[in-house]
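The data block below is query19.cif; it holds mmCIF, C-alpha atoms.
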data_input
#
loop_
_atom_site.group_PDB
_atom_site.id
_atom_site.type_symbol
_atom_site.label_atom_id
_atom_site.label_comp_id
_atom_site.auth_asym_id
_atom_site.auth_seq_id
_atom_site.Cartn_x
_atom_site.Cartn_y
_atom_site.Cartn_z
ATOM 1 C CA MET A 1 0.000 0.000 0.000
ATOM 2 C CA LYS A 2 2.827 2.414 0.842
ATOM 3 C CA LYS A 3 4.384 1.682 -2.524
ATOM 4 C CA LEU A 4 1.097 2.361 -4.308
ATOM 5 C CA LEU A 5 0.630 5.656 -2.471
ATOM 6 C CA PHE A 6 4.190 6.654 -3.359
ATOM 7 C CA LEU A 7 3.570 5.869 -7.042
ATOM 8 C CA ALA A 8 0.359 7.904 -6.960
ATOM 9 C CA PHE A 9 2.195 10.843 -5.385
ATOM 10 C CA VAL A 10 4.958 10.734 -7.977
ATOM 11 C CA ALA A 11 2.486 10.405 -10.852
ATOM 12 C CA ALA A 12 0.420 13.343 -9.627
ATOM 13 C CA ALA A 13 3.474 15.470 -8.972
ATOM 14 C CA THR A 14 4.823 14.999 -12.486
ATOM 15 C CA ILE A 15 1.638 15.902 -14.335
ATOM 16 C CA SER A 16 -0.114 18.587 -12.300
ATOM 17 C CA CYS A 17 0.029 22.300 -13.021
ATOM 18 C CA THR A 18 0.834 24.781 -10.262
ATOM 19 C CA LYS A 19 0.454 28.533 -9.908
ATOM 20 C CA ASP A 20 4.081 28.921 -10.936
ATOM 21 C CA ASP A 21 3.721 26.824 -14.095
ATOM 22 C CA PRO A 22 2.836 28.472 -17.439
ATOM 23 C CA CYS A 23 -0.209 26.243 -17.704
ATOM 24 C CA ASP A 24 -2.954 28.670 -18.715
ATOM 25 C CA PRO A 25 -4.904 27.825 -21.849
ATOM 26 C CA GLY A 26 -2.962 28.774 -24.947
ATOM 27 C CA THR A 27 0.441 29.123 -23.300
ATOM 28 C CA LEU A 28 1.711 25.642 -24.209
ATOM 29 C CA PRO A 29 2.929 24.809 -27.722
ATOM 30 C CA VAL A 30 0.359 23.029 -29.890
ATOM 31 C CA ASN A 31 2.131 19.677 -29.520
ATOM 32 C CA ASP A 32 1.954 19.986 -25.741
ATOM 33 C CA ASN A 33 -1.838 20.149 -25.933
ATOM 34 C CA GLN A 34 -1.809 16.496 -26.986
ATOM 35 C CA ILE A 35 -2.395 14.041 -24.174
ATOM 36 C CA THR A 36 0.316 11.417 -23.792
ATOM 37 C CA ILE A 37 0.328 8.431 -21.455
ATOM 38 C CA ALA A 38 3.012 6.843 -19.234
ATOM 39 C CA PRO A 39 1.388 3.770 -17.607
ATOM 40 C CA VAL A 40 3.029 1.790 -14.810
ATOM 41 C CA ILE A 41 1.968 -1.372 -12.986
ATOM 42 C CA ALA A 42 1.919 -1.077 -9.211
ATOM 43 C CA GLN A 43 4.453 -3.354 -7.489
ATOM 44 C CA ALA A 44 5.869 -4.616 -10.783
ATOM 45 C CA THR A 45 9.217 -4.119 -12.444
ATOM 46 C CA PRO A 46 10.328 -2.759 -14.826
ATOM 47 C CA VAL A 47 8.368 0.498 -14.836
ATOM 48 C CA ALA A 48 6.736 -0.090 -17.894
ATOM 49 C CA LYS A 49 2.063 -6.199 -18.714
ATOM 50 C CA THR A 50 1.061 -8.822 -20.662
ATOM 51 C CA ALA A 51 4.272 -10.690 -20.030
ATOM 52 C CA ILE A 52 4.416 -12.610 -16.750
ATOM 53 C CA THR A 53 7.761 -12.997 -14.991
ATOM 54 C CA ASN A 54 8.690 -14.856 -11.797
ATOM 55 C CA GLY A 55 5.413 -16.768 -11.974
ATOM 56 C CA SER A 56 3.029 -13.896 -11.264
ATOM 57 C CA THR A 57 4.695 -10.498 -11.763
ATOM 58 C CA ALA A 58 3.141 -8.547 -14.635
ATOM 59 C CA VAL A 59 5.269 -6.361 -16.890
ATOM 60 C CA TRP A 60 4.544 -4.592 -20.163
ATOM 61 C CA LYS A 61 5.769 -6.150 -23.393
ATOM 62 C CA ASN A 62 6.195 -4.686 -26.866
ATOM 63 C CA GLY A 63 2.828 -4.374 -28.635
ATOM 64 C CA ASP A 64 0.712 -4.145 -25.486
ATOM 65 C CA SER A 65 -2.318 -1.852 -25.666
ATOM 66 C CA ILE A 66 -4.431 -0.172 -23.008
ATOM 67 C CA GLY A 67 -7.897 1.373 -23.327
ATOM 68 C CA VAL A 68 -8.235 4.957 -22.029
ATOM 69 C CA PHE A 69 -11.321 6.965 -21.045
ATOM 70 C CA CYS A 70 -11.372 10.739 -20.372
ATOM 71 C CA PRO A 71 -14.698 12.621 -20.658
ATOM 72 C CA GLN A 72 -12.972 16.035 -20.753
ATOM 73 C CA ALA A 73 -10.618 15.260 -23.648
ATOM 74 C CA MET A 74 -10.852 17.110 -26.946
ATOM 75 C CA PRO A 75 -11.969 17.252 -29.716
ATOM 76 C CA ALA A 76 -14.416 14.719 -28.200
ATOM 77 C CA ALA A 77 -14.593 12.667 -25.033
ATOM 78 C CA ALA A 78 -11.998 9.891 -25.069
ATOM 79 C CA VAL A 79 -13.937 6.599 -25.115
ATOM 80 C CA ASN A 80 -11.817 3.448 -25.125
ATOM 81 C CA ILE A 81 -8.931 5.078 -26.974
ATOM 82 C CA PRO A 82 -6.152 2.482 -27.507
ATOM 83 C CA PHE A 83 -2.612 3.433 -26.512
ATOM 84 C CA THR A 84 0.060 0.987 -27.698
ATOM 85 C CA VAL A 85 3.722 0.590 -26.749
ATOM 86 C CA ALA A 86 6.059 -0.348 -29.591
ATOM 87 C CA ASP A 87 9.212 -0.497 -27.478
ATOM 88 C CA THR A 88 9.013 -0.844 -23.698
ATOM 89 C CA SER A 89 12.627 0.326 -23.369
ATOM 90 C CA THR A 90 11.576 3.817 -24.484
ATOM 91 C CA HIS A 91 8.269 3.849 -22.540
ATOM 92 C CA VAL A 92 6.596 5.634 -25.487
ATOM 93 C CA TRP A 93 2.906 4.829 -25.943
ATOM 94 C CA THR A 94 1.157 6.008 -29.125
ATOM 95 C CA ASN A 95 -2.517 6.344 -29.953
ATOM 96 C CA THR A 96 -4.906 6.927 -32.858
ATOM 97 C CA PRO A 97 -6.852 9.127 -32.846
ATOM 98 C CA ALA A 98 -4.881 11.702 -30.865
ATOM 99 C CA ILE A 99 -6.642 13.264 -27.887
ATOM 100 C CA TYR A 100 -6.010 16.721 -26.428
ATOM 101 C CA TRP A 101 -6.381 18.703 -23.232
ATOM 102 C CA LYS A 102 -9.535 20.829 -23.135
ATOM 103 C CA ASP A 103 -7.690 23.735 -21.487
ATOM 104 C CA GLY A 104 -5.242 24.433 -18.685
ATOM 105 C CA THR A 105 -7.727 24.706 -15.834
ATOM 106 C CA THR A 106 -10.246 21.873 -16.285
ATOM 107 C CA SER A 107 -9.657 18.777 -14.187
ATOM 108 C CA HIS A 108 -9.389 15.793 -16.539
ATOM 109 C CA LEU A 109 -10.603 12.467 -15.127
ATOM 110 C CA PHE A 110 -8.768 9.406 -16.474
ATOM 111 C CA THR A 111 -9.569 5.707 -16.208
ATOM 112 C CA ALA A 112 -7.967 2.886 -18.178
ATOM 113 C CA TYR A 113 -7.650 -0.874 -18.438
ATOM 114 C CA ALA A 114 -5.501 -3.574 -20.018
ATOM 115 C CA PRO A 115 -5.445 -5.550 -22.193
ATOM 116 C CA TYR A 116 -7.337 -3.362 -24.680
ATOM 117 C CA ALA A 117 -10.458 -4.754 -26.366
ATOM 118 C CA ALA A 118 -12.674 -3.068 -28.930
ATOM 119 C CA GLY A 119 -16.368 -2.606 -28.126
ATOM 120 C CA ASN A 120 -16.066 -1.158 -24.623
ATOM 121 C CA THR A 121 -18.129 2.023 -24.843
ATOM 122 C CA SER A 122 -18.465 2.876 -21.144
ATOM 123 C CA ALA A 123 -15.898 3.143 -18.367
ATOM 124 C CA THR A 124 -18.545 1.862 -15.960
ATOM 125 C CA ALA A 125 -19.108 -1.456 -17.785
ATOM 126 C CA VAL A 126 -15.881 -2.767 -19.314
ATOM 127 C CA LYS A 127 -16.035 -6.436 -20.312
ATOM 128 C CA LEU A 128 -13.814 -8.792 -18.302
ATOM 129 C CA PRO A 129 -12.094 -11.782 -19.888
ATOM 130 C CA SER A 130 -13.318 -15.309 -19.243
ATOM 131 C CA LEU A 131 -11.369 -17.118 -16.541
ATOM 132 C CA GLY A 132 -12.379 -20.519 -17.873
ATOM 133 C CA GLY A 133 -9.834 -23.061 -19.055
ATOM 134 C CA GLN A 134 -7.057 -22.136 -16.631
ATOM 135 C CA ASN A 135 -4.041 -24.445 -16.731
ATOM 136 C CA GLY A 136 -2.169 -23.490 -13.573
ATOM 137 C CA ALA A 137 -0.023 -20.787 -15.143
ATOM 138 C CA ILE A 138 -1.090 -17.155 -15.410
ATOM 139 C CA ALA A 139 -2.369 -16.377 -18.896
ATOM 140 C CA PRO A 140 -1.471 -12.719 -19.576
ATOM 141 C CA ALA A 141 -4.792 -12.162 -21.376
ATOM 142 C CA MET A 142 -6.623 -13.118 -18.157
ATOM 143 C CA ASP A 143 -4.584 -10.807 -15.909
ATOM 144 C CA PHE A 144 -6.907 -7.822 -16.213
ATOM 145 C CA LEU A 145 -5.481 -4.493 -15.022
ATOM 146 C CA ILE A 146 -7.285 -1.247 -14.239
ATOM 147 C CA SER A 147 -6.192 2.324 -13.542
ATOM 148 C CA LYS A 148 -8.271 4.801 -11.567
ATOM 149 C CA ASN A 149 -5.581 6.717 -9.665
ATOM 150 C CA LEU A 150 -6.296 9.846 -11.774
ATOM 151 C CA TYR A 151 -10.087 9.627 -11.739
ATOM 152 C CA ASN A 152 -10.695 11.590 -8.550
ATOM 153 C CA PRO A 153 -9.829 14.460 -8.380
ATOM 154 C CA GLY A 154 -8.228 14.176 -11.826
ATOM 155 C CA VAL A 155 -5.407 16.274 -13.259
ATOM 156 C CA THR A 156 -4.961 19.496 -15.198
ATOM 157 C CA ARG A 157 -2.990 20.006 -18.379
ATOM 158 C CA SER A 158 0.726 19.355 -18.456
ATOM 159 C CA ALA A 159 3.373 18.806 -21.108
ATOM 160 C CA ASN A 160 4.348 15.628 -19.213
ATOM 161 C CA PRO A 161 2.747 12.230 -19.849
ATOM 162 C CA VAL A 162 -0.293 11.248 -17.792
ATOM 163 C CA GLY A 163 0.947 8.892 -15.054
ATOM 164 C CA LEU A 164 -1.597 6.091 -14.951
ATOM 165 C CA ILE A 165 -0.983 3.458 -12.255
ATOM 166 C CA PHE A 166 -2.448 0.011 -12.972
ATOM 167 C CA THR A 167 -3.484 -2.574 -10.387
ATOM 168 C CA HIS A 168 -4.812 -6.138 -10.774
ATOM 169 C CA ALA A 169 -8.616 -6.433 -11.001
ATOM 170 C CA PHE A 170 -8.672 -10.082 -9.913
ATOM 171 C CA ALA A 171 -7.387 -11.994 -6.897
ATOM 172 C CA LEU A 172 -4.797 -14.730 -7.309
ATOM 173 C CA ILE A 173 -4.366 -18.058 -5.517
ATOM 174 C CA GLN A 174 -0.914 -19.645 -5.525
ATOM 175 C CA LEU A 175 -0.704 -23.288 -4.464
ATOM 176 C CA GLN A 176 2.850 -24.321 -3.566
ATOM 177 C CA ILE A 177 2.538 -28.095 -3.756
ATOM 178 C CA THR A 178 4.914 -30.796 -2.535
ATOM 179 C CA VAL A 179 4.520 -34.534 -1.804
ATOM 180 C CA ASN A 180 6.383 -36.728 0.662
ATOM 181 C CA ALA A 181 7.910 -40.200 0.293
ATOM 182 C CA SER A 182 4.627 -41.956 1.067
ATOM 183 C CA LEU A 183 3.700 -41.421 -2.596
ATOM 184 C CA ALA A 184 5.543 -43.204 -5.379
ATOM 185 C CA ALA A 185 8.165 -41.330 -7.347
ATOM 186 C CA GLY A 186 6.760 -40.022 -10.614
ATOM 187 C CA THR A 187 3.312 -39.174 -9.181
ATOM 188 C CA THR A 188 1.759 -36.438 -11.305
ATOM 189 C CA LEU A 189 -0.880 -33.772 -10.713
ATOM 190 C CA THR A 190 -3.787 -34.096 -13.150
ATOM 191 C CA SER A 191 -6.089 -31.344 -11.898
ATOM 192 C CA VAL A 192 -6.967 -28.979 -9.060
ATOM 193 C CA VAL A 193 -10.608 -28.249 -8.179
ATOM 194 C CA LEU A 194 -11.897 -25.308 -6.109
ATOM 195 C CA THR A 195 -15.529 -25.542 -4.964
ATOM 196 C CA PRO A 196 -17.558 -22.822 -3.197
ATOM 197 C CA GLY A 197 -19.815 -23.325 -0.203
ATOM 198 C CA ALA A 198 -23.453 -24.301 -0.840
ATOM 199 C CA SER A 199 -24.700 -20.721 -0.427
ATOM 200 C CA ASP A 200 -21.828 -19.059 -2.305
ATOM 201 C CA SER A 201 -20.935 -18.401 -5.880
ATOM 202 C CA LEU A 202 -17.253 -18.615 -6.589
ATOM 203 C CA VAL A 203 -14.802 -16.720 -8.195
ATOM 204 C CA THR A 204 -14.652 -17.066 -11.918
ATOM 205 C CA THR A 205 -16.170 -15.329 -14.925
ATOM 206 C CA ASP A 206 -17.584 -16.758 -18.137
ATOM 207 C CA GLY A 207 -16.789 -13.649 -20.155
ATOM 208 C CA ASN A 208 -20.065 -11.856 -19.368
ATOM 209 C CA ALA A 209 -18.848 -10.040 -16.250
ATOM 210 C CA THR A 210 -18.082 -6.319 -16.374
ATOM 211 C CA ILE A 211 -16.065 -3.933 -14.222
ATOM 212 C CA ASN A 212 -16.653 -0.295 -13.352
ATOM 213 C CA LEU A 213 -13.251 1.368 -13.825
ATOM 214 C CA THR A 214 -14.164 4.299 -11.595
ATOM 215 C CA SER A 215 -14.821 2.090 -8.557
ATOM 216 C CA GLY A 216 -13.358 -1.321 -9.354
ATOM 217 C CA TRP A 217 -16.793 -2.875 -8.758
ATOM 218 C CA ILE A 218 -17.385 -6.113 -10.701
ATOM 219 C CA THR A 219 -20.827 -7.218 -11.891
ATOM 220 C CA ALA A 220 -20.927 -10.945 -12.595
ATOM 221 C CA PRO A 221 -23.612 -13.599 -13.051
ATOM 222 C CA ALA A 222 -24.649 -14.892 -9.614
ATOM 223 C CA VAL A 223 -24.084 -18.566 -10.265
ATOM 224 C CA THR A 224 -22.541 -21.286 -8.126
ATOM 225 C CA ASN A 225 -19.590 -22.681 -9.972
ATOM 226 C CA THR A 226 -16.554 -24.877 -9.578
ATOM 227 C CA ILE A 227 -13.112 -23.978 -10.894
ATOM 228 C CA THR A 228 -11.132 -26.846 -12.386
ATOM 229 C CA VAL A 229 -7.520 -26.193 -13.301
ATOM 230 C CA THR A 230 -5.945 -28.750 -15.625
ATOM 231 C CA PRO A 231 -2.234 -28.283 -16.420
ATOM 232 C CA ALA A 232 -1.346 -28.474 -20.105
ATOM 233 C CA THR A 233 1.300 -31.041 -19.134
ATOM 234 C CA ALA A 234 0.754 -32.903 -15.858
ATOM 235 C CA PRO A 235 3.651 -31.885 -13.574
ATOM 236 C CA THR A 236 5.556 -34.555 -11.671
ATOM 237 C CA LEU A 237 5.331 -33.865 -7.941
ATOM 238 C CA SER A 238 8.161 -34.255 -5.474
ATOM 239 C CA SER A 239 9.651 -32.611 -2.408
ATOM 240 C CA THR A 240 10.471 -29.668 -4.712
ATOM 241 C CA THR A 241 7.649 -27.125 -4.888
ATOM 242 C CA THR A 242 5.300 -27.129 -7.885
ATOM 243 C CA ASN A 243 3.408 -23.847 -8.251
ATOM 244 C CA ILE A 244 -0.194 -23.801 -9.482
ATOM 245 C CA TYR A 245 -1.876 -20.422 -10.006
ATOM 246 C CA VAL A 246 -5.651 -19.826 -10.024
ATOM 247 C CA MET A 247 -7.150 -16.444 -10.874
ATOM 248 C CA ILE A 248 -10.512 -15.628 -9.278
ATOM 249 C CA LEU A 249 -12.941 -12.761 -8.892
ATOM 250 C CA PRO A 250 -12.485 -10.698 -5.712
ATOM 251 C CA LYS A 251 -15.249 -11.604 -3.318
ATOM 252 C CA THR A 252 -16.242 -12.256 0.294
ATOM 253 C CA VAL A 253 -17.874 -15.646 0.725
ATOM 254 C CA THR A 254 -19.781 -17.189 3.616
ATOM 255 C CA THR A 255 -17.885 -20.475 3.669
ATOM 256 C CA SER A 256 -14.286 -21.117 2.705
ATOM 257 C CA PRO A 257 -13.911 -22.747 -0.723
ATOM 258 C CA THR A 258 -12.587 -26.292 -0.648
ATOM 259 C CA LEU A 259 -9.554 -27.654 -2.472
ATOM 260 C CA LYS A 260 -9.383 -31.041 -4.172
ATOM 261 C CA ILE A 261 -6.214 -32.289 -5.849
ATOM 262 C CA ASN A 262 -6.349 -35.151 -8.321
ATOM 263 C CA LEU A 263 -3.202 -37.224 -8.852
ATOM 264 C CA SER A 264 -1.954 -40.086 -10.960
ATOM 265 C CA GLU A 265 0.323 -42.560 -9.167
ATOM 266 C CA GLY A 266 1.764 -45.093 -11.577
ATOM 267 C CA GLY A 267 -1.247 -44.643 -13.845
ATOM 268 C CA THR A 268 -3.759 -45.036 -11.002
ATOM 269 C CA ALA A 269 -6.023 -42.063 -10.260
ATOM 270 C CA ILE A 270 -5.793 -40.863 -6.652
ATOM 271 C CA SER A 271 -7.904 -38.165 -4.982
ATOM 272 C CA PRO A 272 -6.735 -37.067 -1.542
ATOM 273 C CA ALA A 273 -9.332 -35.787 0.910
ATOM 274 C CA THR A 274 -10.894 -32.431 0.091
ATOM 275 C CA VAL A 275 -9.785 -29.654 2.456
ATOM 276 C CA PRO A 276 -10.957 -26.056 3.039
ATOM 277 C CA LEU A 277 -8.672 -23.201 2.040
ATOM 278 C CA GLY A 278 -9.500 -21.399 5.272
ATOM 279 C CA THR A 279 -10.077 -18.060 3.516
ATOM 280 C CA THR A 280 -13.404 -16.262 3.063
ATOM 281 C CA GLN A 281 -12.265 -12.903 1.702
ATOM 282 C CA PHE A 282 -10.472 -12.572 -1.636
ATOM 283 C CA THR A 283 -9.363 -9.022 -2.426
ATOM 284 C CA ALA A 284 -8.513 -7.547 -5.821
ATOM 285 C CA GLY A 285 -4.786 -7.216 -6.415
ATOM 286 C CA THR A 286 -3.982 -9.709 -3.677
ATOM 287 C CA LYS A 287 -2.122 -12.996 -4.072
ATOM 288 C CA TYR A 288 -2.993 -15.733 -1.576
ATOM 289 C CA ASN A 289 -0.104 -18.158 -1.102
ATOM 290 C CA TYR A 290 -0.859 -21.619 0.273
ATOM 291 C CA THR A 291 1.773 -24.216 1.103
ATOM 292 C CA VAL A 292 0.160 -27.542 0.215
ATOM 293 C CA THR A 293 1.782 -30.759 1.419
ATOM 294 C CA ILE A 294 0.381 -34.066 0.161
ATOM 295 C CA SER A 295 1.016 -37.365 1.940
ATOM 296 C CA ARG A 296 -0.735 -40.705 1.851
ATOM 297 C CA THR A 297 -2.620 -39.800 5.022
ATOM 298 C CA ALA A 298 -3.338 -36.072 4.725
ATOM 299 C CA ILE A 299 -3.027 -32.753 2.873
ATOM 300 C CA THR A 300 -1.857 -29.817 4.940
ATOM 301 C CA ILE A 301 -2.269 -26.207 3.870
ATOM 302 C CA SER A 302 -0.644 -23.136 5.355
ATOM 303 C CA ASN A 303 -2.312 -19.885 6.387
ATOM 304 C CA PRO A 304 -2.255 -17.652 3.322
ATOM 305 C CA THR A 305 0.522 -14.983 2.953
ATOM 306 C CA ILE A 306 -0.252 -11.816 0.844
ATOM 307 C CA THR A 307 2.514 -10.718 -1.717
ATOM 308 C CA ASP A 308 3.699 -9.239 -5.003
ATOM 309 C CA TRP A 309 0.355 -8.244 -6.133
ATOM 310 C CA SER A 310 0.083 -7.769 -2.302
ATOM 311 C CA THR A 311 0.543 -11.514 -0.470
ATOM 312 C CA VAL A 312 -1.596 -13.428 2.036
ATOM 313 C CA ASN A 313 -0.332 -16.749 3.391
ATOM 314 C CA GLY A 314 -2.874 -19.492 4.092
ATOM 315 C CA ASN A 315 -2.840 -22.309 6.663
ATOM 316 C CA PRO A 316 -0.913 -25.438 5.586
ATOM 317 C CA LEU A 317 -3.145 -27.935 3.789
ATOM 318 C CA ASN A 318 -2.810 -31.690 4.302
ATOM 319 C CA PRO A 319 -5.188 -33.658 2.090
ATOM 320 C CA GLY A 320 -5.177 -37.341 2.978
ATOM 321 C CA ILE A 321 -5.591 -40.223 0.591
#
Would you kindly transcribe this structure into structure tokens?
Amino acid sequence: MKKLLFLAFVAAATISCTKDDPCDPGTLPVNDNQITIAPVIAQATPVAKTAITNGSTAVWKNGDSIGVFCPQAMPAAAVNIPFTVADTSTHVWTNTPAIYWKDGTTSHLFTAYAPYAAGNTSATAVKLPSLGGQNGAIAPAMDFLISKNLYNPGVTRSANPVGLIFTHAFALIQLQITVNASLAAGTTLTSVVLTPGASDSLVTTDGNATINLTSGWITAPAVTNTITVTPATAPTLSSTTTNIYVMILPKTVTTSPTLKINLSEGGTAISPATVPLGTTQFTAGTKYNYTVTISRTAITISNPTITDWSTVNGNPLNPGI
């Protein structure tokens, strides 16, 4: 949080006009009336997403595009204007059509999201990607980012780029899985299943959910669902940690979701006992780390830690067979 506040302070300081700045309408050169963008991802390096490094850290890559909204922009309100980076080393983002500051005194309210998608006509109802078909790694196209740090109170005209700070719209579960010697060498993980409580809906989206960029509020179908994660290639488990990532919608649930892990031991399907995650609140931009230890008698799971995105450690899980 401190890091995010620092980024917001720096972004605001670099783009705002002061009494001492020549920022009255008409005093800047024509080119400086054009709005330019310098987006950063909170808690990610380098300062410049759709590539995933170190398992879950999002960074920009060449060709990435963001969608920008600004009602005060000229010659017309900016509605889902795409800004694209050709070379992340230069941090230069270009857009067509160009958008301009209205004047030097009006507060301009910016919201944005990534990755860009055509057809989003309102900042209050931007379509979220489907989280179906997850394979245990983070798909960059699913890691939806939003920026609302310059929505309230907004910023006035400056020759400097607009400093948009992006945060993750979803929550992330990281399962750090190991097995002990009670299981045969070569045992593989075939799937992971998360199931909500009877009165809860879980944590995924079928592609029909939307997000309000000004508030971060997500509107999703109220359905009870189960998330099944099937790795593209079944990983072989051992005493060395295997990481499985599951992206979910931020939500507070009544009952902790349960975790089931399906294995193959020498070609025989094995399903250890289902265990609760022990977490009922999943917050946007937060990664919940669980240490999962599988033995022939139990699965243990740790309390979640919160990292990177912002990390919460869970209780150890011990599913038994």
Review point. What residues come out when you apply the PyMOL selection byres ((chain A and resi 264-267) around 8) to this file, written as a count of residues only?
Key: 12
Practice item. Starting from the shown file, work through the PyMOL selection byres ((chain A and resi 134) around 10) and note down what comes out as an MDAnalysis selection string. Key: chainID A and resid 130:133 135:139 142 227:232 245:247
Point to revise | Gap from atom CA of Ile244 of chain A to atom CA of Ile177 of chain A - Å, one decimal | key: 7.7 Å
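Between Asn212 of chain A and the candidates A:Asn120, A:Thr242, A:Thr94, A:Gln34, the tightest atom-to-atom separation, counting all atoms listed in the file, involves A:Asn120.
When all atoms listed in the file are used to measure the gap to Ile218 of chain A, the shortest distance among A:Ala284, A:Ala38, A:Ile299, A:Leu150 belongs to A:Ala284.
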